[in-house]
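Dumped query14.txt below, it's compact mmCIF, C-alpha atoms and all ligand atoms:
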# COMPACT_ATOMS: atom_id res chain seq x y z
CA MET A 1 -0.15 -51.44 -81.89
CA PRO A 2 -3.05 -48.98 -81.63
CA ASN A 3 -2.93 -46.69 -78.58
CA VAL A 4 -5.75 -44.79 -76.91
CA LEU A 5 -6.00 -42.54 -79.92
CA GLY A 6 -6.52 -45.49 -82.21
CA VAL A 7 -3.36 -44.70 -84.10
CA SER A 8 -0.28 -46.79 -84.61
CA THR A 9 2.50 -46.00 -82.13
CA ASP A 10 5.02 -45.33 -84.88
CA VAL A 11 3.34 -41.98 -85.60
CA LEU A 12 4.29 -40.84 -82.09
CA LYS A 13 7.83 -40.36 -83.33
CA ARG A 14 8.58 -36.69 -83.84
CA PRO A 15 8.49 -35.60 -87.47
CA GLU A 16 11.69 -34.84 -89.34
CA LEU A 17 13.14 -31.35 -89.26
CA GLY A 18 11.70 -29.14 -91.92
CA THR A 19 8.22 -30.65 -91.99
CA GLY A 20 5.10 -28.63 -91.35
CA ALA A 21 4.84 -29.95 -87.80
CA ARG A 22 7.77 -27.72 -86.92
CA ASP A 23 6.46 -24.62 -88.62
CA GLY A 24 5.71 -22.85 -85.39
CA ARG A 25 1.98 -23.30 -85.01
CA MET A 26 2.09 -25.14 -81.73
CA PHE A 27 0.13 -22.96 -79.29
CA LEU A 28 -3.35 -24.27 -78.63
CA HIS A 29 -6.47 -22.18 -78.36
CA ALA A 30 -7.91 -24.36 -75.59
CA ASP A 31 -6.32 -24.94 -72.18
CA ILE A 32 -4.57 -28.15 -71.19
CA LYS A 33 -5.98 -29.42 -67.91
CA GLY A 34 -5.70 -32.53 -65.78
CA TYR A 35 -9.29 -33.73 -65.38
CA ASP A 36 -8.62 -36.84 -67.45
CA LEU A 37 -6.07 -38.14 -64.96
CA PRO A 38 -7.08 -41.21 -62.96
CA PRO A 39 -8.65 -40.61 -59.53
CA LYS A 40 -6.21 -39.59 -56.77
CA THR A 41 -3.57 -38.60 -59.32
CA LEU A 42 -1.98 -35.16 -59.10
CA CYS A 43 0.47 -33.18 -61.22
CA LEU A 44 2.26 -30.54 -59.13
CA THR A 45 3.11 -27.21 -60.76
CA TYR A 46 4.83 -24.13 -59.33
CA ASP A 47 4.65 -20.65 -60.86
CA ASP A 48 6.37 -17.27 -60.70
CA GLY A 49 9.81 -18.42 -59.54
CA PRO A 50 12.53 -19.18 -59.18
CA GLY A 51 13.28 -17.44 -55.93
CA GLU A 52 15.73 -17.83 -53.08
CA SER A 53 15.94 -16.44 -49.53
CA ASN A 54 18.23 -17.00 -46.58
CA GLY A 55 17.44 -18.68 -43.29
CA ASP A 56 14.64 -20.95 -42.12
CA GLY A 57 11.91 -18.31 -42.10
CA ALA A 58 9.40 -17.46 -44.81
CA GLY A 59 10.56 -16.51 -48.30
CA PRO A 60 11.04 -18.28 -51.63
CA LYS A 61 13.14 -21.45 -51.54
CA THR A 62 12.89 -22.96 -54.99
CA GLU A 63 16.08 -25.01 -54.81
CA ALA A 64 15.14 -26.64 -51.47
CA LEU A 65 11.63 -27.26 -52.78
CA GLY A 66 13.03 -29.01 -55.84
CA ALA A 67 15.34 -31.11 -53.66
CA TYR A 68 12.50 -32.11 -51.33
CA LEU A 69 10.27 -33.18 -54.22
CA CYS A 70 13.15 -35.12 -55.75
CA ASP A 71 13.73 -36.97 -52.46
CA GLU A 72 10.03 -37.85 -52.45
CA GLY A 73 10.27 -39.24 -55.98
CA ILE A 74 8.06 -36.49 -57.42
CA SER A 75 8.74 -34.75 -60.74
CA ALA A 76 7.14 -31.29 -60.70
CA THR A 77 6.91 -28.51 -63.28
CA PHE A 78 8.18 -25.02 -62.54
CA PHE A 79 6.71 -22.32 -64.79
CA VAL A 80 9.34 -19.62 -64.36
CA ILE A 81 9.25 -15.89 -65.00
CA GLY A 82 12.21 -15.00 -67.22
CA ALA A 83 13.15 -11.92 -65.16
CA HIS A 84 13.55 -14.22 -62.13
CA ALA A 85 15.12 -17.10 -64.02
CA GLU A 86 18.04 -15.01 -65.28
CA LYS A 87 18.91 -14.09 -61.65
CA TYR A 88 19.10 -17.72 -60.53
CA PRO A 89 20.66 -19.84 -63.29
CA HIS A 90 22.09 -22.24 -60.67
CA VAL A 91 18.54 -22.93 -59.46
CA LEU A 92 17.46 -23.79 -63.00
CA ARG A 93 20.39 -26.18 -63.25
CA SER A 94 19.45 -27.80 -59.93
CA LEU A 95 15.80 -28.22 -60.92
CA VAL A 96 16.81 -29.99 -64.12
CA ARG A 97 19.24 -32.20 -62.22
CA GLN A 98 16.48 -33.02 -59.72
CA GLY A 99 14.34 -34.35 -62.57
CA HIS A 100 11.87 -31.48 -62.76
CA THR A 101 10.47 -29.77 -65.84
CA ILE A 102 10.99 -26.04 -66.37
CA GLY A 103 8.28 -24.24 -68.31
CA ASN A 104 7.99 -20.76 -69.82
CA HIS A 105 5.72 -18.33 -67.91
CA THR A 106 6.70 -15.22 -69.95
CA TYR A 107 9.46 -12.74 -69.13
CA SER A 108 7.58 -10.16 -67.04
CA HIS A 109 4.19 -11.80 -66.28
CA PRO A 110 1.76 -9.59 -68.24
CA GLY A 111 -1.86 -10.40 -69.07
CA LEU A 112 -1.38 -11.66 -72.62
CA VAL A 113 -4.90 -11.05 -73.94
CA ALA A 114 -4.68 -7.30 -73.30
CA LEU A 115 -1.08 -7.22 -74.53
CA ALA A 116 -2.10 -8.88 -77.80
CA GLU A 117 -5.09 -6.53 -78.16
CA ALA A 118 -2.76 -3.55 -77.72
CA ASP A 119 -0.33 -4.94 -80.30
CA GLY A 120 2.27 -5.33 -77.54
CA ASP A 121 5.28 -7.61 -77.64
CA VAL A 122 3.64 -10.96 -76.89
CA VAL A 123 6.25 -12.78 -78.94
CA GLY A 124 9.11 -11.07 -77.06
CA GLU A 125 7.63 -12.11 -73.69
CA ILE A 126 7.97 -15.77 -74.62
CA ALA A 127 11.12 -15.44 -76.76
CA ARG A 128 13.17 -13.69 -74.05
CA THR A 129 12.42 -16.44 -71.55
CA GLU A 130 12.98 -19.16 -74.15
CA ALA A 131 16.48 -17.78 -74.74
CA ILE A 132 17.22 -18.19 -71.01
CA LEU A 133 15.64 -21.63 -70.76
CA ARG A 134 17.35 -22.98 -73.85
CA GLU A 135 20.67 -22.62 -72.09
CA PHE A 136 19.70 -24.11 -68.73
CA ALA A 137 16.47 -26.02 -68.85
CA GLY A 138 17.19 -28.89 -71.15
CA ASP A 139 15.35 -30.33 -74.07
CA THR A 140 12.17 -29.23 -75.74
CA PRO A 141 9.24 -29.64 -76.04
CA ARG A 142 8.81 -26.61 -73.85
CA PHE A 143 5.68 -26.31 -71.77
CA PHE A 144 4.01 -22.92 -71.46
CA ARG A 145 1.59 -21.42 -68.97
CA ALA A 146 -0.06 -18.03 -69.46
CA PRO A 147 0.14 -15.56 -66.55
CA TYR A 148 -3.20 -15.61 -64.63
CA GLY A 149 -4.33 -18.32 -67.07
CA ASN A 150 -5.27 -15.32 -69.25
CA TRP A 151 -5.46 -16.62 -72.84
CA ARG A 152 -8.75 -15.90 -74.63
CA GLN A 153 -10.81 -12.73 -74.99
CA VAL A 154 -14.25 -12.73 -73.38
CA ASP A 155 -17.26 -12.63 -75.66
CA TRP A 156 -19.23 -9.79 -74.03
CA GLU A 157 -22.58 -11.10 -75.30
CA THR A 158 -22.29 -14.60 -73.88
CA LYS A 159 -19.81 -13.69 -71.10
CA ALA A 160 -17.90 -16.84 -72.09
CA ASP A 161 -14.36 -17.11 -73.39
CA LYS A 162 -14.06 -16.94 -77.16
CA ALA A 163 -13.05 -20.20 -78.83
CA VAL A 164 -9.99 -18.67 -80.43
CA SER A 165 -7.11 -17.11 -78.49
CA ASN A 166 -5.68 -13.86 -79.81
CA ALA A 167 -2.44 -14.64 -77.94
CA ALA A 168 -2.17 -18.06 -79.63
CA GLU A 169 -2.75 -16.49 -83.03
CA THR A 170 -0.01 -13.91 -82.46
CA LEU A 171 2.48 -16.47 -81.20
CA ASN A 172 1.71 -19.03 -83.88
CA ALA A 173 2.04 -16.42 -86.63
CA SER A 174 5.60 -15.73 -85.41
CA ALA A 175 6.64 -19.33 -86.22
CA GLN A 176 9.26 -19.07 -83.46
CA PHE A 177 7.99 -21.65 -81.00
CA ASP A 178 7.85 -24.84 -82.95
CA ASP A 179 8.27 -27.18 -80.00
CA TYR A 180 5.93 -25.51 -77.55
CA ILE A 181 3.04 -27.20 -75.76
CA GLY A 182 0.50 -25.01 -74.01
CA PRO A 183 -1.15 -23.22 -72.47
CA VAL A 184 -1.08 -25.56 -69.47
CA ASN A 185 -3.83 -24.47 -67.10
CA TRP A 186 -4.73 -26.05 -63.74
CA ASP A 187 -7.59 -27.85 -61.98
CA ILE A 188 -6.81 -27.14 -58.34
CA SER A 189 -5.65 -23.88 -56.74
CA ALA A 190 -6.45 -22.74 -53.22
CA GLU A 191 -4.54 -19.53 -54.01
CA ASP A 192 -1.49 -20.03 -51.82
CA PHE A 193 -0.36 -16.46 -52.65
CA ALA A 194 -3.33 -15.04 -50.70
CA PHE A 195 -2.11 -16.91 -47.58
CA TRP A 196 1.42 -15.60 -48.07
CA ARG A 197 0.14 -12.05 -48.58
CA ARG A 198 -1.60 -12.22 -45.17
CA SER A 199 1.45 -13.88 -43.53
CA ASP A 200 -0.75 -16.90 -42.77
CA SER A 201 0.89 -20.22 -41.90
CA ALA A 202 1.73 -23.08 -44.23
CA GLY A 203 -0.67 -25.20 -42.15
CA GLN A 204 -3.59 -22.90 -42.96
CA ALA A 205 -2.80 -23.06 -46.66
CA ALA A 206 -2.43 -26.86 -46.47
CA VAL A 207 -5.92 -27.23 -44.97
CA ALA A 208 -7.38 -25.23 -47.88
CA TYR A 209 -5.43 -27.21 -50.50
CA LEU A 210 -6.33 -30.59 -48.97
CA ALA A 211 -10.03 -29.76 -48.91
CA LEU A 212 -9.96 -28.71 -52.55
CA ILE A 213 -7.86 -31.70 -53.65
CA GLU A 214 -10.32 -34.10 -51.97
CA GLU A 215 -13.24 -32.27 -53.59
CA VAL A 216 -11.80 -32.26 -57.13
CA GLY A 217 -10.07 -35.62 -56.73
CA ARG A 218 -7.40 -35.37 -59.44
CA GLY A 219 -5.66 -32.90 -61.72
CA ILE A 220 -3.02 -30.22 -62.06
CA VAL A 221 -2.28 -28.43 -58.77
CA LEU A 222 -1.13 -24.79 -58.89
CA MET A 223 1.18 -23.34 -56.25
CA HIS A 224 3.73 -20.51 -56.37
CA ASP A 225 7.41 -20.85 -55.42
CA SER A 226 7.88 -17.06 -55.67
CA SER A 227 6.03 -13.94 -56.84
CA ASN A 228 6.42 -10.64 -58.64
CA GLU A 229 4.98 -8.97 -55.52
CA GLU A 230 7.41 -8.29 -52.69
CA VAL A 231 4.87 -8.78 -49.88
CA ILE A 232 3.84 -12.20 -51.25
CA ARG A 233 7.47 -13.18 -51.76
CA ARG A 234 8.32 -12.31 -48.15
CA GLY A 235 5.49 -14.49 -46.81
CA ASN A 236 6.11 -17.45 -49.15
CA GLN A 237 5.96 -20.81 -47.38
CA THR A 238 5.40 -23.03 -50.37
CA LEU A 239 8.22 -25.39 -49.35
CA GLU A 240 6.51 -26.02 -46.00
CA LEU A 241 3.08 -26.20 -47.66
CA THR A 242 4.38 -28.82 -50.10
CA GLN A 243 5.96 -30.87 -47.30
CA LEU A 244 2.67 -30.93 -45.40
CA LEU A 245 0.65 -31.80 -48.51
CA VAL A 246 2.89 -34.56 -49.84
CA LYS A 247 3.09 -36.31 -46.46
CA GLU A 248 -0.69 -36.17 -45.96
CA LEU A 249 -1.59 -37.05 -49.56
CA LYS A 250 0.74 -40.03 -49.71
CA GLY A 251 -0.97 -41.26 -46.54
CA ARG A 252 -4.28 -40.92 -48.37
CA ALA A 253 -2.98 -43.01 -51.31
CA TYR A 254 -2.60 -40.18 -53.81
CA ARG A 255 0.08 -40.51 -56.48
CA PHE A 256 2.03 -37.85 -58.31
CA VAL A 257 2.80 -37.75 -62.03
CA GLY A 258 4.95 -35.50 -64.21
CA ILE A 259 3.48 -33.17 -66.81
CA GLU A 260 4.29 -35.59 -69.65
CA GLU A 261 1.77 -38.01 -68.10
CA LEU A 262 -1.20 -35.70 -68.59
CA PRO A 263 -3.60 -37.42 -71.00
CA GLN A 264 -4.08 -34.19 -72.96
CA VAL A 265 -0.33 -33.80 -73.41
CA LYS A 266 -0.05 -37.38 -74.63
CA ALA A 267 -2.98 -36.82 -76.99
CA ILE A 268 -1.49 -33.61 -78.39
CA ARG A 269 1.85 -35.19 -79.06
CA GLY A 270 0.19 -38.22 -80.61
CA SER A 271 -2.57 -36.56 -82.60
CA THR A 272 -0.65 -33.59 -84.01
CA HIS A 273 2.08 -35.86 -85.25
CA ALA A 274 -0.38 -38.39 -86.61
CA GLU A 275 -2.13 -35.54 -88.39
CA ALA A 276 1.18 -34.17 -89.66
CA ARG A 277 2.09 -37.50 -91.13
CA ARG A 278 -1.33 -38.03 -92.68
CA ARG A 279 -1.07 -34.68 -94.40
CA GLY A 280 2.49 -35.25 -95.47
CA GLY A 281 3.84 -32.86 -92.90
CA ASP A 282 1.36 -30.02 -93.25
CA PHE A 283 -1.29 -29.90 -90.58
CA GLU A 284 -4.04 -27.38 -90.15
CA GLU A 285 -5.04 -25.10 -87.31
CA ALA A 286 -8.08 -27.25 -86.61
CA SER A 287 -5.94 -30.15 -85.48
CA LEU A 288 -4.52 -27.96 -82.74
CA THR A 289 -7.80 -27.56 -80.90
CA VAL A 290 -7.67 -30.01 -78.04
CA PRO A 291 -10.91 -31.82 -77.35
CA SER A 292 -11.83 -32.26 -73.69
CA ARG A 293 -11.30 -35.99 -74.16
CA PRO A 294 -8.72 -37.57 -76.45
CA ARG A 295 -10.16 -37.86 -79.91
CA VAL A 296 -10.48 -41.42 -81.19
CA SER A 297 -9.59 -41.37 -84.83
CA ALA A 298 -10.65 -44.00 -87.31
ZN ZN B 301 2.07 -16.51 -62.65

Is it possible to give me this structure as structure tokens?
Amino acid sequence: MPNVLGVSTDVLKRPELGTGARDGRMFLHADIKGYDLPPKTLCLTYDDGPGESNGDGAGPKTEALGAYLCDEGISATFFVIGAHAEKYPHVLRSLVRQGHTIGNHTYSHPGLVALAEADGDVVGEIARTEAILREFAGDTPRFFRAPYGNWRQVDWETKADKAVSNAAETLNASAQFDDYIGPVNWDISAEDFAFWRRSDSAGQAAVAYLALIEEVGRGIVLMHDSSNEEVIRRGNQTLELTQLLVKELKGRAYRFVGIEELPQVKAIRGSTHAEARRRGGDFEEASLTVPSRPRVSA
């Protein structure tokens, strides 16, 4: 039966091991976003964790956040920093058990465009975290988010992002990340970390997020369950922020979907595999550029 891509559903099956679709060229040049979700549909994502702190006061509480979301029937995605993840393997295990997705957010959170320009270890940043996640975070495909959403060089003449990502080229040339999907960007961020840096309340951050969510109407929401910065970590109230948001948004008839439900993710998994099959297992770079809307093939 044809799906939204106009292709038969049997091509959605993953290709066999050893075909070109697993040759490591899975990082996209364009960002995955959530603007194709239906109205009032949100995909919650949390970056820069995991983190834990004692007591009821401020501070990272990734495990409690995961438990709360699970109780609310929400599957979220946690894009973890490897240096944090290796300190809290039990939190990774809990998140998986709670039905959440754990994504790779590099090992030390560098800007990848500058790192790639400087011939730095872009591959190692993803590989080190992958080694941690492989043990704790369950099955691939593995979702990836670039620190700061930093992925493509700026064209200084037009001031726009270049079409091709130097980070993607470096990672794809390594052929080490054959089941990766990314970069996953976001549609909605009221910059929770700025509230935590000022020791503002969860309520203040919730007001800002609600206003932005109502304005944008749908998409991937970015929050942070921890931080690389001590002052932001100390003020973190993302658990409380999430509790306020979920309660209010459910009352306003919003629904929450997991990352696998993003139309772009579905299109990537469908179209790259359809393309792989059409080419007998060898697909070209061009098929990895995600159109803003799912491509309807003949
Ligand atoms: Zn980050």

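Among the candidate residues A:Ala202, A:Leu92, A:Leu44, A:Ala127, the one lying nearest to Asp178 of chain A is A:Ala127, with distances computed using only C-alpha atoms.
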
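Atom CA of Phe195 of chain A to atom CA of Tyr209 of chain A spans 11.2 Å [interatomic distance, one decimal].
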
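Closest to ligand ZN 301 (chain B) among A:Arg145, A:Lys87, A:Arg134, A:Arg218 is A:Arg145, based on all atoms listed in the file.
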
Set the cut-off to 7 Å, count all atoms listed in the file, and list whatever residues fall near ligand ZN 301 (chain B) as a PyMOL selection string.
-> chain A and resi 47-48+105+109+147-148

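Compared by their closest atoms to Ala194 of chain A, and using only C-alpha atoms, the residues A:Thr238, A:Gly182, A:Glu157, A:Leu210 rank with A:Thr238 nearest.
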
Using only C-alpha atoms, which residues sit within 9 Å of Arg152 of chain A once same-chain residues fewer than 3 positions away are excluded, as a count of residues only?
-> 12

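You will find atom CA of Glu240 of chain A at 17.9 Å from atom CA of Leu212 of chain A.
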
A straight line from atom CA of Asp179 of chain A to atom CA of Arg142 of chain A spans 6.2 Å

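Residue nearest Thr62 of chain A within the list A:Phe78, A:Asn150, A:Gln264, A:Leu241: A:Phe78 [criterion: smallest interatomic distance, all atoms listed in the file].
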
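Closest to Pro141 of chain A among A:Arg269, A:His224, A:Lys33, A:Arg197 is A:Arg269, based on only C-alpha atoms.
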